[in-house]
>>> print(open('start.csv').read())   # CSV, C-alpha atoms
chain,number,residue,atom,x,y,z
A,1,MET,CA,69.3,94.3,100.3
A,2,LYS,CA,73.0,94.4,99.7
A,3,PHE,CA,75.8,94.7,102.2
A,4,ILE,CA,79.1,95.8,100.5
A,5,ILE,CA,82.1,95.4,102.7
A,6,ILE,CA,85.5,97.1,102.1
A,7,PRO,CA,88.2,95.9,104.5
A,8,ALA,CA,90.9,98.5,104.8
A,9,ARG,CA,93.4,97.9,107.6
A,10,ALA,CA,96.2,100.3,108.3
A,11,GLY,CA,99.2,98.0,108.3
A,12,SER,CA,101.1,96.7,105.3
A,13,LYS,CA,104.6,95.3,105.0
A,14,GLY,CA,104.9,95.8,101.3
A,15,LEU,CA,103.7,99.4,100.9
A,16,LEU,CA,103.3,101.9,103.7
A,17,ASN,CA,99.7,103.2,104.2
A,18,LYS,CA,98.7,101.1,101.3
A,19,ASN,CA,95.0,101.6,101.4
A,20,LEU,CA,95.5,105.4,101.3
A,21,GLN,CA,97.8,105.3,98.4
A,22,ARG,CA,96.4,106.9,95.2
A,23,VAL,CA,95.7,105.6,91.7
A,24,GLY,CA,94.7,108.2,89.3
A,25,GLY,CA,94.4,110.7,92.1
A,26,THR,CA,92.0,108.6,94.2
A,27,SER,CA,92.9,106.5,97.2
A,28,LEU,CA,92.5,102.7,97.0
A,29,VAL,CA,89.8,102.7,99.7
A,30,GLU,CA,87.9,105.5,97.9
A,31,TRP,CA,88.1,103.5,94.6
A,32,SER,CA,86.3,100.6,96.3
A,33,ILE,CA,83.7,103.0,97.7
A,34,ILE,CA,83.1,104.4,94.2
A,35,HIS,CA,82.6,100.8,92.9
A,36,ALA,CA,80.4,99.9,95.9
A,37,LEU,CA,78.1,102.9,95.3
A,38,TYR,CA,77.8,102.0,91.7
A,39,VAL,CA,76.1,98.6,92.6
A,40,ALA,CA,74.3,99.9,95.7
A,41,ASP,CA,70.7,100.9,95.8
A,42,ASP,CA,69.3,103.5,98.2
A,43,ASP,CA,68.7,101.1,101.1
A,44,ASP,CA,71.9,99.1,100.7
A,45,LYS,CA,74.8,99.4,103.1
A,46,VAL,CA,78.4,100.2,102.1
A,47,ILE,CA,80.7,99.4,105.0
A,48,VAL,CA,84.3,100.3,105.4
A,49,SER,CA,86.0,98.2,108.1
A,50,SER,CA,89.4,99.4,109.4
A,51,ASP,CA,91.5,99.5,112.5
A,52,SER,CA,92.7,103.0,111.5
A,53,GLN,CA,90.9,106.1,112.5
A,54,LYS,CA,92.8,107.9,109.8
A,55,ILE,CA,91.3,105.7,107.1
A,56,LEU,CA,87.8,105.9,108.6
A,57,GLU,CA,88.1,109.7,108.8
A,58,SER,CA,89.2,109.9,105.2
A,59,VAL,CA,86.0,108.3,104.0
A,60,ALA,CA,83.6,110.1,106.5
A,61,ASN,CA,82.2,112.4,103.9
A,62,THR,CA,81.3,109.7,101.4
A,63,GLY,CA,78.1,108.6,103.2
A,64,VAL,CA,79.3,105.1,103.9
A,65,GLU,CA,79.0,103.2,107.2
A,66,THR,CA,82.3,102.8,109.1
A,67,VAL,CA,83.3,100.0,111.5
A,68,LEU,CA,86.3,100.3,113.8
A,69,ARG,CA,88.0,96.9,113.8
A,70,PRO,CA,89.8,95.6,116.9
A,71,GLU,CA,93.5,95.1,116.7
A,72,ASN,CA,93.3,91.3,116.9
A,73,LEU,CA,91.4,91.5,113.5
A,74,ALA,CA,94.0,93.7,111.8
A,75,GLN,CA,97.1,91.5,111.8
A,76,ASP,CA,99.0,90.3,108.7
A,77,THR,CA,97.8,86.8,109.4
A,78,THR,CA,94.1,87.7,110.0
A,79,PRO,CA,91.8,85.8,107.6
A,80,THR,CA,89.1,87.7,105.8
A,81,LEU,CA,86.1,85.8,107.2
A,82,PRO,CA,86.2,87.0,110.8
A,83,VAL,CA,86.7,90.6,109.6
A,84,LEU,CA,83.5,90.3,107.5
A,85,GLU,CA,81.6,88.6,110.4
A,86,HIS,CA,82.7,91.5,112.7
A,87,ALA,CA,81.4,94.1,110.3
A,88,LEU,CA,78.1,92.4,109.6
A,89,LYS,CA,77.2,91.8,113.3
A,90,TYR,CA,76.2,95.4,113.5
A,91,PHE,CA,73.7,95.2,110.7
A,92,LYS,CA,72.0,91.8,111.0
A,93,PRO,CA,71.4,90.8,107.3
A,94,ALA,CA,68.5,88.5,106.3
A,95,ASP,CA,69.3,85.2,104.7
A,96,GLU,CA,68.4,86.4,101.2
A,97,ASP,CA,70.5,89.6,101.4
A,98,ILE,CA,73.5,89.9,99.2
A,99,ILE,CA,77.0,90.1,100.7
A,100,ILE,CA,79.7,91.7,98.5
A,101,LEU,CA,83.4,91.9,99.4
A,102,LEU,CA,85.5,94.5,97.5
A,103,GLN,CA,89.2,94.4,98.3
A,104,PRO,CA,90.8,97.9,98.1
A,105,THR,CA,93.9,96.5,96.5
A,106,SER,CA,92.1,96.0,93.2
A,107,PRO,CA,91.3,99.6,92.1
A,108,LEU,CA,90.9,99.1,88.3
A,109,ARG,CA,87.5,97.4,88.2
A,110,LYS,CA,85.2,97.7,85.2
A,111,LYS,CA,81.5,98.4,85.5
A,112,THR,CA,80.8,95.3,83.4
A,113,THR,CA,82.7,93.1,85.9
A,114,LEU,CA,80.8,94.5,88.8
A,115,ASP,CA,77.5,94.0,86.9
A,116,LYS,CA,78.4,90.4,86.0
A,117,SER,CA,79.5,89.5,89.5
A,118,LEU,CA,76.3,90.7,91.1
A,119,LYS,CA,74.0,89.3,88.4
A,120,ALA,CA,75.5,85.8,88.7
A,121,VAL,CA,74.1,85.6,92.2
A,122,VAL,CA,71.0,87.7,92.0
A,123,SER,CA,69.8,85.7,89.0
A,124,GLY,CA,70.3,82.4,90.8
A,125,ASP,CA,72.8,81.2,88.2
A,126,GLY,CA,75.3,80.7,91.1
A,127,GLU,CA,75.3,80.6,94.9
A,128,SER,CA,78.3,82.9,94.7
A,129,SER,CA,80.7,84.6,92.2
A,130,ILE,CA,84.4,85.2,92.3
A,131,THR,CA,86.6,87.2,89.9
A,132,VAL,CA,89.3,85.1,88.5
A,133,LYS,CA,92.1,85.5,86.0
A,134,PRO,CA,93.0,82.9,83.3
A,135,ASN,CA,96.6,81.6,83.4
A,136,HIS,CA,98.4,79.6,80.7
A,137,LEU,CA,101.3,78.3,82.7
A,138,PHE,CA,104.0,75.8,81.7
A,139,LEU,CA,104.3,74.2,85.1
A,140,TRP,CA,107.2,72.0,86.2
A,141,GLU,CA,107.6,69.7,89.2
A,142,GLU,CA,110.7,68.8,91.2
A,143,ILE,CA,111.5,65.1,91.8
A,144,ASP,CA,114.7,64.0,93.5
A,145,GLY,CA,116.5,67.2,92.8
A,146,PHE,CA,115.5,67.3,89.1
A,147,ILE,CA,112.5,68.8,87.3
A,148,LYS,CA,110.2,67.6,84.6
A,149,PRO,CA,107.3,69.3,82.9
A,150,LYS,CA,103.7,68.8,84.0
A,151,TYR,CA,102.4,69.5,80.5
A,152,GLN,CA,102.7,67.8,77.1
A,153,ASP,CA,106.0,68.6,75.4
A,154,ASP,CA,104.4,69.6,72.2
A,155,ILE,CA,101.4,71.6,73.5
A,156,ARG,CA,101.0,75.2,72.4
A,157,ARG,CA,100.0,78.0,74.8
A,158,GLN,CA,96.9,78.8,72.8
A,159,ASP,CA,95.8,75.2,72.9
A,160,MET,CA,96.1,74.9,76.7
A,161,LYS,CA,92.9,75.0,78.8
A,162,PRO,CA,93.5,78.0,81.1
A,163,GLN,CA,93.9,77.6,84.8
A,164,LEU,CA,91.9,80.0,86.9
A,165,SER,CA,93.2,81.8,89.9
A,166,GLU,CA,91.5,84.4,92.2
A,167,ASN,CA,92.5,87.9,91.5
A,168,GLY,CA,91.3,89.1,95.0
A,169,SER,CA,88.9,91.7,93.6
A,170,ILE,CA,85.2,90.9,94.0
A,171,TYR,CA,83.4,88.2,95.9
A,172,VAL,CA,79.6,87.9,96.0
A,173,THR,CA,77.2,85.5,97.8
A,174,LYS,CA,73.9,85.5,99.7
A,175,TYR,CA,74.0,85.7,103.5
A,176,CYS,CA,72.5,82.3,104.0
A,177,HIS,CA,75.5,80.8,102.1
A,178,PHE,CA,77.9,83.1,103.9
A,179,LYS,CA,76.8,81.9,107.3
A,180,GLU,CA,77.4,78.3,106.3
A,181,LYS,CA,80.6,78.5,104.2
A,182,GLY,CA,82.0,82.0,104.2
A,183,ILE,CA,82.4,84.4,101.3
A,184,LYS,CA,84.3,82.1,98.9
A,185,ILE,CA,83.4,78.4,98.9
A,186,THR,CA,79.8,77.4,98.1
A,187,ASN,CA,78.4,74.5,96.1
A,188,LYS,CA,77.9,76.5,92.9
A,189,ILE,CA,80.5,79.2,92.3
A,190,LYS,CA,80.3,81.3,89.1
A,191,PRO,CA,83.7,82.5,87.7
A,192,ILE,CA,83.8,86.1,86.5
A,193,ILE,CA,86.9,86.1,84.2
A,194,THR,CA,89.0,89.3,84.1
A,195,GLU,CA,92.0,90.0,82.0
A,196,GLY,CA,94.7,92.7,81.6
A,197,SER,CA,95.2,95.6,84.0
A,198,GLU,CA,91.9,94.8,85.9
A,199,ASN,CA,93.9,92.0,87.6
A,200,ILE,CA,96.5,94.3,89.1
A,201,ASP,CA,96.6,93.5,92.9
A,202,ILE,CA,98.5,96.2,94.7
A,203,ASP,CA,100.9,95.0,97.3
A,204,THR,CA,104.2,96.8,96.3
A,205,LYS,CA,105.3,100.1,94.9
A,206,PHE,CA,105.8,98.4,91.5
A,207,ASP,CA,102.1,97.3,91.6
A,208,LEU,CA,101.1,100.8,92.5
A,209,ASP,CA,103.1,102.3,89.6
A,210,MET,CA,101.6,99.8,87.2
A,211,ALA,CA,98.0,100.6,88.3
A,212,ASN,CA,98.7,104.3,87.8
A,213,TYR,CA,100.2,103.6,84.4
A,214,PHE,CA,97.0,101.9,83.3
A,215,SER,CA,94.5,104.1,85.2
A,216,SER,CA,93.6,106.5,82.4
A,217,GLU,CA,91.0,104.2,80.8
A,218,TYR,CA,89.4,103.7,84.2
A,219,LEU,CA,89.3,107.4,84.9
A,220,LYS,CA,87.3,107.9,81.7
A,221,GLU,CA,84.9,105.0,82.5
A,222,TRP,CA,84.2,106.3,85.9
A,223,GLN,CA,84.3,110.0,84.8
A,224,ILE,CA,86.9,111.0,87.3
>>> encode(input="start.csv", output="structure tokens")
Amino acid sequence: MKFIIIPARAGSKGLLNKNLQRVGGTSLVEWSIIHALYVADDDDKVIVSSDSQKILESVANTGVETVLRPENLAQDTTPTLPVLEHALKYFKPADEDIIILLQPTSPLRKKTTLDKSLKAVVSGDGESSITVKPNHLFLWEEIDGFIKPKYQDDIRRQDMKPQLSENGSIYVTKYCHFKEKGIKITNKIKPIITEGSENIDIDTKFDLDMANYFSSEYLKEWQI
């Protein structure tokens, strides 16, 4: 059984009512519901956790479960783990059940990315999977007021081994691992590499405009 959690709090410093903002005519929280229903089977649970009645009412006709989150779990500094624990306590997953976190701020997900993320854990290839983006950065470090490169002077970008960073989109693990180490850190984590517009993480109006600019290909894929 899968438990797919979408955390969508009301507050946001960078963009007012962020999770209700629209990309391609669909709100961010609704995009994650569309993606969740794509990977969900009939008995699975899609759960929207929010401190906002407005957000919960906006998704009431989608058939998902809704959990009203207390104010102390809806602060700028609130980590993700207690939010997930709060949502899951109402459903009591079994150890082998799959826990999936979909962040609403990543609306441009591909079906193949969702498939790969889930398969990596269901197949047993990894204890968890995380979507990551490759970076080829020419990093510098500051020493005594001056800077020096942390790379070989003559290295070309295409010859660099990419650094991987979370894009904040999809996290998958089994509940037995979640109970011990949370949604991110397990012993065997499979990276699901994403590139291009799929890595847009909406935090500002600029991010929202960029997502809308690139949304047409995703509207075709999801037939919206």
>>> residues_around(input="start.csv", residues="A:Ser58", least_positions_apart="6", cutoff="10 Å", atoms="all atoms listed in the file", output="MDAnalysis selection string")
chainID A and resid 20 27 29:30 52
>>> write_last_selection(input="start.csv", atoms="C-alpha atoms", output="PDB file, in the frame of the given file")
ATOM      1  CA  LEU A  20      95.500 105.400 101.300  1.00  0.00           C
ATOM      2  CA  SER A  27      92.900 106.500  97.200  1.00  0.00           C
ATOM      3  CA  VAL A  29      89.800 102.700  99.700  1.00  0.00           C
ATOM      4  CA  GLU A  30      87.900 105.500  97.900  1.00  0.00           C
ATOM      5  CA  SER A  52      92.700 103.000 111.500  1.00  0.00           C
TER       6      SER A  52
END
>>> closest_atom_pairs(input="start.csv", of="stretch 106-164 of chain A", to="stretch 78-101 of chain A", cutoff="9 Å", atoms="all atoms listed in the file", output="tab-separated table")
residue	atom	partner	partner_atom	distance
A:Leu118	CA	A:Ile100	CA	8.2
A:Val121	CA	A:Ile98	CA	8.2
A:Val122	CA	A:Ile98	CA	7.9
>>> atom_distance(input="start.csv", atom1="atom CA of A:Gln223", atom2="atom CA of A:Lys133")
25.7 Å
>>> closest_residue(input="start.csv", among="A:Ile130, A:Ile6, A:Ile200, A:Leu16", to="A:Thr186", atoms="only C-alpha atoms")
A:Ile130
>>> atom_distance(input="start.csv", atom1="atom CA of A:Glu141", atom2="atom CA of A:Glu166")
22.0 Å
>>> residues_near_point(input="start.csv", point="(82.4, 84.6, 85.0)", cutoff="10 Å", atoms="only C-alpha atoms", output="MDAnalysis selection string")
chainID A and resid 113 116:117 120 129:133 189:194
>>> write_last_selection(input="start.csv", atoms="C-alpha atoms", output="tab-separated table (two decimals), in the frame of the given file")
chain	number	residue	atom	x	y	z
A	113	THR	CA	82.70	93.10	85.90
A	116	LYS	CA	78.40	90.40	86.00
A	117	SER	CA	79.50	89.50	89.50
A	120	ALA	CA	75.50	85.80	88.70
A	129	SER	CA	80.70	84.60	92.20
A	130	ILE	CA	84.40	85.20	92.30
A	131	THR	CA	86.60	87.20	89.90
A	132	VAL	CA	89.30	85.10	88.50
A	133	LYS	CA	92.10	85.50	86.00
A	189	ILE	CA	80.50	79.20	92.30
A	190	LYS	CA	80.30	81.30	89.10
A	191	PRO	CA	83.70	82.50	87.70
A	192	ILE	CA	83.80	86.10	86.50
A	193	ILE	CA	86.90	86.10	84.20
A	194	THR	CA	89.00	89.30	84.10
>>> residues_around(input="start.csv", residues="A:Tyr151", least_positions_apart="2", cutoff="7 Å", atoms="all atoms listed in the file", output="number ranges by chain")
A: 138-139, 149, 153
>>> atom_distance(input="start.csv", atom1="atom CA of A:Ala10", atom2="atom CA of A:Asn199")
22.4 Å
>>> closest_residue(input="start.csv", among="A:Glu57, A:Glu127, A:Glu65, A:Asp41", to="A:Lys188", atoms="all atoms listed in the file")
A:Glu127
>>> residues_around(input="start.csv", residues="A:Ala74", least_positions_apart="4", cutoff="7 Å", atoms="only C-alpha atoms", output="mmCIF file with C-alpha atoms, keeping the file's coordinate frame")
data_model
loop_
_atom_site.group_PDB
_atom_site.id
_atom_site.type_symbol
_atom_site.label_atom_id
_atom_site.label_comp_id
_atom_site.auth_asym_id
_atom_site.auth_seq_id
_atom_site.Cartn_x
_atom_site.Cartn_y
_atom_site.Cartn_z
ATOM 1 C CA ARG A 9 93.400 97.900 107.600
ATOM 2 C CA ASP A 51 91.500 99.500 112.500
ATOM 3 C CA PRO A 70 89.800 95.600 116.900
ATOM 4 C CA THR A 78 94.100 87.700 110.000
#
>>> residues_near_point(input="start.csv", point="(98.9, 88.5, 93.8)", cutoff="8 Å", atoms="all atoms listed in the file", output="MDAnalysis selection string")
chainID A and resid 167:168 200:203
>>> build_atoms(input="start.csv", residues="stretch 47-83 of chain A", atoms="N, CA and C atoms", output="short mmCIF file (atom, residue, chain, number, x, y, z; two decimals), keeping the file's coordinate frame")
data_model
loop_
_atom_site.label_atom_id
_atom_site.label_comp_id
_atom_site.auth_asym_id
_atom_site.auth_seq_id
_atom_site.Cartn_x
_atom_site.Cartn_y
_atom_site.Cartn_z
N ILE A 47 80.01 99.41 103.70
CA ILE A 47 80.70 99.40 105.00
C ILE A 47 82.18 99.34 104.84
N VAL A 48 82.87 100.31 105.40
CA VAL A 48 84.30 100.30 105.40
C VAL A 48 84.76 99.83 106.83
N SER A 49 85.51 98.72 106.87
CA SER A 49 86.00 98.20 108.10
C SER A 49 87.51 98.45 108.22
N SER A 50 87.93 99.10 109.29
CA SER A 50 89.40 99.40 109.40
C SER A 50 89.73 99.52 110.91
N ASP A 51 91.00 99.26 111.18
CA ASP A 51 91.50 99.50 112.50
C ASP A 51 92.12 100.90 112.63
N SER A 52 92.04 101.67 111.53
CA SER A 52 92.70 103.00 111.50
C SER A 52 91.64 104.10 111.48
N GLN A 53 91.72 104.96 112.49
CA GLN A 53 90.90 106.10 112.50
C GLN A 53 91.16 107.06 111.34
N LYS A 54 92.41 107.09 110.93
CA LYS A 54 92.80 107.90 109.80
C LYS A 54 92.06 107.51 108.53
N ILE A 55 92.00 106.20 108.29
CA ILE A 55 91.30 105.70 107.10
C ILE A 55 89.80 105.98 107.24
N LEU A 56 89.22 105.71 108.40
CA LEU A 56 87.80 105.90 108.60
C LEU A 56 87.44 107.42 108.45
N GLU A 57 88.30 108.29 108.96
CA GLU A 57 88.10 109.70 108.80
C GLU A 57 88.18 110.17 107.36
N SER A 58 89.04 109.51 106.59
CA SER A 58 89.20 109.90 105.20
C SER A 58 88.03 109.61 104.33
N VAL A 59 87.15 108.70 104.80
CA VAL A 59 86.00 108.30 104.00
C VAL A 59 84.67 108.85 104.68
N ALA A 60 84.81 109.66 105.72
CA ALA A 60 83.60 110.10 106.50
C ALA A 60 82.64 110.87 105.70
N ASN A 61 83.11 111.60 104.68
CA ASN A 61 82.20 112.40 103.90
C ASN A 61 81.62 111.74 102.69
N THR A 62 81.81 110.43 102.58
CA THR A 62 81.30 109.70 101.40
C THR A 62 79.92 109.10 101.67
N GLY A 63 79.45 109.15 102.91
CA GLY A 63 78.10 108.60 103.20
C GLY A 63 78.09 107.15 103.53
N VAL A 64 79.26 106.49 103.64
CA VAL A 64 79.30 105.10 103.90
C VAL A 64 79.26 104.81 105.42
N GLU A 65 78.94 103.57 105.78
CA GLU A 65 79.00 103.20 107.20
C GLU A 65 80.50 102.83 107.50
N THR A 66 80.93 103.12 108.71
CA THR A 66 82.30 102.80 109.10
C THR A 66 82.27 101.93 110.37
N VAL A 67 83.15 100.95 110.40
CA VAL A 67 83.30 100.00 111.50
C VAL A 67 84.72 100.01 111.97
N LEU A 68 84.97 100.37 113.22
CA LEU A 68 86.30 100.30 113.80
C LEU A 68 86.63 98.87 114.17
N ARG A 69 87.64 98.34 113.56
CA ARG A 69 88.00 96.90 113.80
C ARG A 69 88.99 96.80 114.91
N PRO A 70 88.83 95.82 115.79
CA PRO A 70 89.80 95.60 116.90
C PRO A 70 91.16 95.18 116.36
N GLU A 71 92.17 95.43 117.15
CA GLU A 71 93.50 95.10 116.70
C GLU A 71 93.74 93.66 116.39
N ASN A 72 93.07 92.76 117.10
CA ASN A 72 93.30 91.30 116.90
C ASN A 72 92.69 90.90 115.50
N LEU A 73 91.90 91.77 114.85
CA LEU A 73 91.40 91.50 113.50
C LEU A 73 92.07 92.33 112.45
N ALA A 74 93.27 92.81 112.78
CA ALA A 74 94.00 93.70 111.80
C ALA A 74 95.46 93.27 111.73
N GLN A 75 95.72 91.98 111.88
CA GLN A 75 97.10 91.50 111.80
C GLN A 75 97.37 90.97 110.35
N ASP A 76 98.65 90.82 110.04
CA ASP A 76 99.00 90.30 108.70
C ASP A 76 98.44 88.91 108.48
N THR A 77 98.26 88.15 109.56
CA THR A 77 97.80 86.80 109.40
C THR A 77 96.27 86.64 109.62
N THR A 78 95.58 87.75 109.82
CA THR A 78 94.10 87.70 110.00
C THR A 78 93.41 87.29 108.77
N PRO A 79 92.62 86.22 108.80
CA PRO A 79 91.80 85.80 107.60
C PRO A 79 90.70 86.82 107.37
N THR A 80 90.14 86.78 106.17
CA THR A 80 89.10 87.70 105.80
C THR A 80 87.77 87.44 106.50
N LEU A 81 87.43 86.15 106.70
CA LEU A 81 86.10 85.80 107.20
C LEU A 81 85.76 86.44 108.53
N PRO A 82 86.61 86.38 109.58
CA PRO A 82 86.20 87.00 110.80
C PRO A 82 86.09 88.54 110.73
N VAL A 83 86.81 89.14 109.79
CA VAL A 83 86.70 90.60 109.60
C VAL A 83 85.28 90.90 109.03
#
